[in-house]
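Below is one structure, written out as structure tokens; the observations come after it.
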Amino acid sequence: MATGSSQIEDFGQVSRTVGTIFRYLILAATLFGIVVLAALLVYVANDALQPATADPGWYLTFFLTLVAPTALVGWAVHRREPAAFTFGSFLVGLLVVSLMFSGGVGLLVVDVVPPLVGFSFAIAIAVPTAISVFLTRYSHRIGFTSRLSATAFVFYLSLFGLPGPIGSPIGVPQVVPSLARAIQSIPVIPVDWMMVGTVLGGIGGAVVGSYVAGVRDARTGLVAGGLAFAATLVSAVVGPFVGLNPVPSTVLTAVTVLPTATYAWRGAFTEERRPAGLGFAAVVVGGALVGAAATSTLGFAGPQSWVDWQFLTSAHSGSAENAGLYPAIGGSILLMATVAALSFPIGVGAAVYLEEYAPDNRLTRFVDVNISNLAGVPSVVYGLLGLGVFVTYLGQAAGTVIVGGATLALLILPIVIISSREAIRSVPSNMRQASYGMGATRWQTVKNVILPEAFPGILTGTILALGRAIGETAPLIMIAAPNVVFSLPTALESKVSAMPLQVYAWSSLFASEDFYTKAVPAGVVVLLAVLLAMNSIAIVLRNRFERTG
Amino acid sequence: MSNEPQSVSDSLQRNEFVVRKERLYGRLIAASAVLTILVTVGIILSLSGHALTFWREISPIAFFTGTNWSPVIGNSYGVLPLVSGTLIVTVCSALIALPVGLAAAIYLSEYASDRVRSLLKPSLEVLAGVPTVIYGYMALVYVTPLVDSVLPLSVPLVPSGLPLFPEFTLVVPSLRTFNAMSASIVVGIMIIPMVASISEDAMSAVPDELRQAGYGMGATKFDVATGVVVPASLSGIFSSFILALSRAIGETMAVTIAAGSRAQFLNPLNPASYLEGALPMTAAMVQLLTGDITGGGLAYRSLFAIGLVLFVITLVMNIISDFVAQRYREEY
């Protein structure tokens, strides 16, 4: 404290020097880590993208076509209508992120799931889903147990046939083929792009339709969904004229064009009316396209970046120039799908139980403490858990997609639970009371009130947790995932690599100046770009959530 | 459930339906909560199962006091070199992260305006979000040469030519390619947000009346920050320190890539140790698995023994941190 116990004779002077020095010292400390990391990332990006190798004319062209118009139009729009500026920037961001997504989906469609298999399973899931929806809607006289078993039976029949995997250990021959198998054995099958287009267009049309129906009305939604479905199929026919194969162009339409177009429609032509934002987005995208066309006609070479099409689409190689990340990217995508499928339902279920159901007893408190301790267990120990339980005890093959996915799912489970609990806790309790007051049961309250309200928060937490899982290397090493994989995993039981694992392999097992300055920085940049995309989705979701909540 | 029940028997049936459904869903989600306990049990069982059979062959005394670690060639399993490696990385990263994190927490909680805080806080969190394998690569390829560019260094601490004092010069030799120093620097940077955010939470929880009372007594902002807020949130700060240390102990990829691969016993009290290559416990585990070991062999089981030690250390630290935060929290 400033004053001691001695008697104060007058107020005297208090030096401000100490305070000022302290203030700038702690500001410097706050910035220290950020600045160091930023400097290191600049080094990495410089090695990976090689900006100095580009022609000055290349920069000049892009400055004239992209940077200057973007800055001018952006400034003008922002000054007159800040909301339109935000909308325009979101639209561009959505375009970029959805392009990355269509790359991922394209990889799955082309190299992981054969179109016929994907098509047959899509139908084999769609048919029983439709039946069970019908059962739920139109028959209240069937008891719960019988309805549940009927639904389960229809799904089983459709996916596995009779007697299916239950019969095979005791040698009962397959009597009724599964719907999926039956479709696969039809002698006349449609062309690849038709099957891919039907599945992706169906999903895209359903999503677009329900979104539009939410904004406008059911009829407009139906029309929009039909249009989206048709657009996906038509794009396969139009694609070859602009130099795209039919299958990639359906993927591009369904994953990139549909969401971007729907968002643009909503922002520009509904009540919100912000066509200025649409104009801003058009200037950015158009500028980039014009710049690319201009540099190629004028012959200005771009930077000799190591992150190029060859790096993204080829496998590991002994020389750093030819090494690529493709199998690792595919592995990471499949791992993340497995992790999300496992950790999301379990994590949300546990969170709902702890927040809404659990009695306040010792067991609940123990579960509580246990979860927070699990969050602090080092990731390498989770790897040992996967090795000990899944590989040694359950006898799974080491280093497969399912083992890796399950291990990473356990790793992020505490994070998913903790963030979901926070989201559920933030649902105002008067909404709960209102639901109970209307005579709803506990589960109905959870399903109809709490989960829809808390969903954006839960989703944000899960995406952030997935971001943690996608960067983890140590657990994958522990479950003996191979350092070098040359092909994409095609089943849950195939060996898998992942982006961070490949980066580790290059920087330790293939340690050489060449790999250090070419392949590794390129891999780091790709990994960071994926992380950035995931985190920006999470942040956008959170901001929306906070604004409405 | 929108349709009205039509008759008494119908409504009874619907009742049965609802009750069974409620029970089923309640049990399903209770099962997912119980699964988290099973995870802990699974960790303990899978670690201790192999570890115990390992300690049956290598006595725990030899394991915990041996100073030689060469599992594949020498068949000697002394864990002390690995523990010393972990200790060195932890101490060195703590020297960076604890003061910097604490200072950042004071700045964010006491000095920063709302706007600045809303910018700086997420930027700090980014430090913890970057995958650790990237930190390891950056330590090896950028930090080591960067630090090495000012080395070797000799700084005369006592100016030469003084009559009474002996000459004393601080000599720092060049770094090795793999060294504990660079690994610790990046580990220190990645645990800054842990210290900063938990400490800041504790400082923000200090009620404003205390600050106002300080100002009322004529204290400056500096006096209030260091004399009122920090002491009042000491338990939170301490608990954040322990959590950060536990995180540094469990950190794997950065030390695996950058710290080295040769197990040697290093004295943490000797400053020269920090420039040597070190093999922390986590890095030794990765090394064991990437090397040629046979499943079920002694080297394979030693993996689980180290894992168990690591798990117990981090668990104890997490519990202490929890205990400190609960027990010594000042209630306002």
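To be explicit about the labels: the chains of the structure tokens are called A, B, and onward in the order shown, and within each one the residues are counted from 1, while ligands get numbers from 1 in the order they are shown.
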
Chain B contacts on chain A, only C-alpha atoms, 7 Å, as a ChimeraX atom specification: /A:1-2,19,26-27,29-30,33-34,40,143-144,346,349-350,353,367,370-371,373,376-378,380-381,385,388-389,443,471-474,477-478,500,504,507-508,524

Selected residues written out, C-alpha atoms, as an mmCIF file, in the first residue's frame:
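Wrote it out as part_32.cif, contents follow:
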```
data_model
loop_
_atom_site.group_PDB
_atom_site.id
_atom_site.type_symbol
_atom_site.label_atom_id
_atom_site.label_comp_id
_atom_site.auth_asym_id
_atom_site.auth_seq_id
_atom_site.Cartn_x
_atom_site.Cartn_y
_atom_site.Cartn_z
ATOM 1 C CA MET A 1 0.000 0.000 0.000
ATOM 2 C CA ALA A 2 1.040 3.539 -0.600
ATOM 3 C CA GLY A 19 3.289 2.932 -12.509
ATOM 4 C CA ILE A 26 2.944 -5.791 -18.616
ATOM 5 C CA LEU A 27 1.588 -4.622 -21.958
ATOM 6 C CA ALA A 29 4.415 -9.155 -21.677
ATOM 7 C CA THR A 30 0.897 -9.534 -23.026
ATOM 8 C CA GLY A 33 3.781 -14.418 -26.977
ATOM 9 C CA ILE A 34 1.556 -13.061 -29.733
ATOM 10 C CA LEU A 40 7.516 -17.550 -36.373
ATOM 11 C CA GLY A 143 -46.709 -49.164 -28.263
ATOM 12 C CA PHE A 144 -43.316 -47.597 -27.758
ATOM 13 C CA ILE A 346 -21.888 -39.120 -26.091
ATOM 14 C CA GLY A 349 -25.776 -36.893 -23.779
ATOM 15 C CA ALA A 350 -23.495 -36.706 -20.777
ATOM 16 C CA TYR A 353 -27.636 -35.823 -18.041
ATOM 17 C CA VAL A 367 -18.404 -37.638 -12.298
ATOM 18 C CA ASN A 370 -13.582 -36.855 -12.920
ATOM 19 C CA ILE A 371 -14.431 -34.962 -16.097
ATOM 20 C CA ASN A 373 -9.448 -34.231 -14.306
ATOM 21 C CA GLY A 376 -6.023 -32.343 -17.810
ATOM 22 C CA VAL A 377 -4.662 -35.782 -18.727
ATOM 23 C CA PRO A 378 -1.822 -35.465 -21.272
ATOM 24 C CA VAL A 380 0.034 -39.052 -24.941
ATOM 25 C CA VAL A 381 -1.653 -40.949 -22.089
ATOM 26 C CA LEU A 385 -5.314 -45.856 -23.420
ATOM 27 C CA GLY A 388 -4.029 -50.708 -24.251
ATOM 28 C CA VAL A 389 -7.803 -50.941 -24.629
ATOM 29 C CA TRP A 443 -37.273 -35.611 -22.293
ATOM 30 C CA GLY A 471 -3.872 -31.061 -34.510
ATOM 31 C CA GLU A 472 -3.100 -33.976 -32.196
ATOM 32 C CA THR A 473 -0.159 -36.147 -33.100
ATOM 33 C CA ALA A 474 0.976 -37.967 -29.975
ATOM 34 C CA ILE A 477 1.823 -42.203 -32.725
ATOM 35 C CA MET A 478 0.904 -44.196 -29.614
ATOM 36 C CA PRO A 500 0.077 -33.430 -38.142
ATOM 37 C CA TYR A 504 6.026 -34.898 -37.670
ATOM 38 C CA SER A 507 10.437 -33.101 -39.598
ATOM 39 C CA SER A 508 11.944 -35.991 -37.669
ATOM 40 C CA VAL A 524 2.113 -26.543 -41.649
#
```

Residues of region 17-144 of chain B in strand (DSSP E), written as number ranges by chain: B: 69-70, 76-77

All residues 10 Å or closer to Thr313 (chain A), only C-alpha atoms, same chain fewer than 3 positions away omitted, as a list in words: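 My reading of the contact set: Leu107, Asp308, Trp309, Gln310, Ala323, Gly324, Leu325, Tyr326, Pro327 and Ile329 of chain A.
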
Per-residue DSSP, region 85-218 of chain B, filtered to alpha helix (DSSP H), as a ChimeraX atom specification: /B:85-106,114-129,132-138,144-148,180-204,208-216

Separation of CA of Ala375 (chain A) from CA of Ala244 (chain B), in Å and rounded to one decimal: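 Here the two named atoms are 13.0 Å from each other.
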
Skip region 97-104 of chain A itself and residues of its chain fewer than 3 positions away, then list as a short mmCIF file (atom, residue, chain, number, x, y, z; two decimals) with C-alpha atoms, in the first residue's frame all residues within 6 Å of it, counting only C-alpha atoms.
```cif
data_model
loop_
_atom_site.label_atom_id
_atom_site.label_comp_id
_atom_site.auth_asym_id
_atom_site.auth_seq_id
_atom_site.Cartn_x
_atom_site.Cartn_y
_atom_site.Cartn_z
CA LEU A 94 -18.41 -18.53 -46.87
CA LEU A 107 -11.79 -36.25 -52.08
CA LEU A 252 -18.70 -28.00 -56.35
CA VAL A 255 -21.16 -27.85 -51.47
CA THR A 256 -20.04 -24.40 -52.65
#
```

Separation of CA of Val496 (chain A) from CA of Leu335 (chain A), in Å and rounded to one decimal: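 Here the two named atoms are 8.3 Å from each other.
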
For CA of Ala94 (chain B) and CA of Gln264 (chain B), the interatomic separation in Å (one decimal):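 Answer for the CA of Ala94 (chain B) to CA of Gln264 (chain B) separation: 21.6 Å.
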
Surrounding residues of region 156-163 of chain A excluding itself and chain neighbours under 6 positions, 7 Å, only C-alpha atoms, as a ChimeraX atom specification: /A:124,128,174-180
